[in-house]
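Participant: My questions all concern the structure below.
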Amino acid sequence: MIQVKKEGILLYKTNLGFENEGVLNPAAIFHNGKIHIFYRAVSKGNYSSIGYCRLSTPLQIEERHDVPIVFPQGEIESHGIEDPRIVKIDDLFYLTYTAYDGINALGSLAFSKDLITFEKVGLIVPQFTFKEFRHLAESKGPINEKYYRYNDHGSTISKIVKNRYVWDKNVMFFPRRINGMLYFIHRVKPDIQLVAINELSELTVDFWQNYFMHLHENILLTPKFQHEISYIGGGCPPIETEQGWLLIYHSVHDTVQGYVYSACAALLDLNNPLKEIARLPYVLFRPDYNWELEGYVNNVCFPTGAVVENEILYIYYGAADEQVACASLNLKELINELLLNKI
């Protein structure tokens with residue numbers, strides 16, 4: 001078993017209007033000797049924006065802004081922007097997040113050259129109704145019945161509501177091109193899917209129609225163990241190691257106390273990330289402390305950002321959907337443990 005140290009809470013909510021209900025699910029990146037944290041900040045009514053702080057060490061806050069660094073704009077973000085992740089590819093930072101309009105939750109992208117100003121690209125996932133998604137995904141045979149359970153809301157949503165789309169979240173890019181191509185992870189419950197493109201301009205309606213017609217070929221990870229039996233989703237952007245891409249993801253399983261969200265680990269092939277090399281058969285860490293067990297949403301450890309310093313992996317996560325916490329572990333020990341659990 002891997003020894004994981006819970007470092008405790010890094011960020012609490014404040015009395016500031018944009019983050020007085022909670023701070024959670026942070027993106028993290030090391031740049032110019034500092035760790036930059038972009039976190040989901042929640043105001044009353046569950047409207048989210050993205051806050052910012054800078055760390056001088058993995059656990060020491062150096063500066064924290066008192067206003068959002070990225071805020072909702074337009075109809076697709078009218079109820080907030082949530083759960084950011086960030087990577088640097090070449091000379092450009094890719095900040096992905098979920099745009100929420102009160103009905104639909106869909107993956108979006110913004111660019112930055114300096115981590116100060118961000119230019120929004122907009123949605124990069126499709127806007128398909130469940131009927132459209134089902135028609136495409138079933139074109140080559142049946143799909144996991146959980147796709148119906150988690151995505152078919154037709155019977156529970158008023159007919160007055162128009163444009164109810166399949167939720168497509170947890171978008172995060174690999175931090176470099178692989179064989180010249182951009183790769184990113186996304187999630188339509190219950191699995192984690194993978195996209196490979198030459199350029200973002202390829203993400204057309206035709207692309208997504210063909211993609212979902214070949215859904216089985218694009219599934220990166222599917223639930224396997226008891227702790228991930230309900231569904232899984234992306235966590236932190238993949239970390240490159242000599243042995244493969246380390247993916248910290250989240251798992252969910254239903255209990256009598258409700259859903260429990262935990263942090264998990266898998267290893268993917270460096271040249272073909274669709275190839276799963278190994279996966280831990282147990283959680284990396286789960287809710288243990290009161291501040292993870294009780295909050296806005298109980299029983300949540302939701303990893304979204306990670307950095308490596310002096311061979312220690314620091315994982316930043318949302319705790320009970322109310323505060324930002326950190327856990328640390330030895331990176332080499334984790335990789336070695338994964339290699340003992342090859343697929």
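FYI, nothing fancy with the structure tokens labels: chains A, B, ... in order, residues from 1 per chain, ligands from 1 as they appear.
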Between range 128-233 of chain A and range 82-98 of chain A, at 9 Å or less, what are the per-residue closest atom pairs and their distances in Å? Count only C-alpha atoms, order by chain and rising residue number, and return it as a Markdown table.

Facilitator:
```
| residue | atom | partner | partner_atom | distance |
| --- | --- | --- | --- | --- |
| A:Asp168 | CA | A:Thr98 | CA | 8.5 |
| A:Lys169 | CA | A:Thr98 | CA | 6.1 |
| A:Asn170 | CA | A:Thr98 | CA | 7.3 |
| A:Val171 | CA | A:Thr96 | CA | 6.1 |
| A:Met172 | CA | A:Arg85 | CA | 6.1 |
| A:Phe173 | CA | A:Val87 | CA | 6.7 |
| A:Phe174 | CA | A:Val87 | CA | 7.3 |
| A:Pro175 | CA | A:Val87 | CA | 5.3 |
| A:Arg176 | CA | A:Ile89 | CA | 5.1 |
| A:Arg177 | CA | A:Ile89 | CA | 7.4 |
```

Participant: Please provide the set of residues having any atom within 12 Å of Asn290 in chain A, restricted to only C-alpha atoms, with same-chain residues fewer than 6 positions apart removed, written as a list in words.

Facilitator: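 Using only C-alpha atoms, the neighbours found are Gly8, Ile9, Asn298, Asn299, Val300, Cys301, Ala319, Ala320, Glu322 and Gln323 of chain A.
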
Participant: Find the residues around Asn179 in chain A up to 10 Å (only C-alpha atoms counted), leave out those fewer than 5 positions away in its own chain, and share them as number ranges by chain.

Facilitator: A: 198, 270-272

Participant: For Tyr231 in chain A, which residue among A:Leu280, A:Leu268, A:Leu203, A:Val188 is the nearest when counting only C-alpha atoms?

Facilitator: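 Counting only C-alpha atoms, the residue closest to Tyr231 in chain A is A:Val188.
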
Participant: Between A:Ala28, A:Leu284, A:Leu194, A:Glu199, which is the closest to Met181 in chain A once you count only C-alpha atoms?

Facilitator: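 The closest residue to Met181 in chain A is A:Glu199.
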
Participant: So, counting only C-alpha atoms, which residue among A:Asn330, A:Asn336, A:Thr241, A:Asn218 is closest to Gln3 in chain A?

Facilitator: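 Ranking A:Asn330, A:Asn336, A:Thr241, A:Asn218 by distance to Gln3 in chain A, first place goes to A:Asn330.
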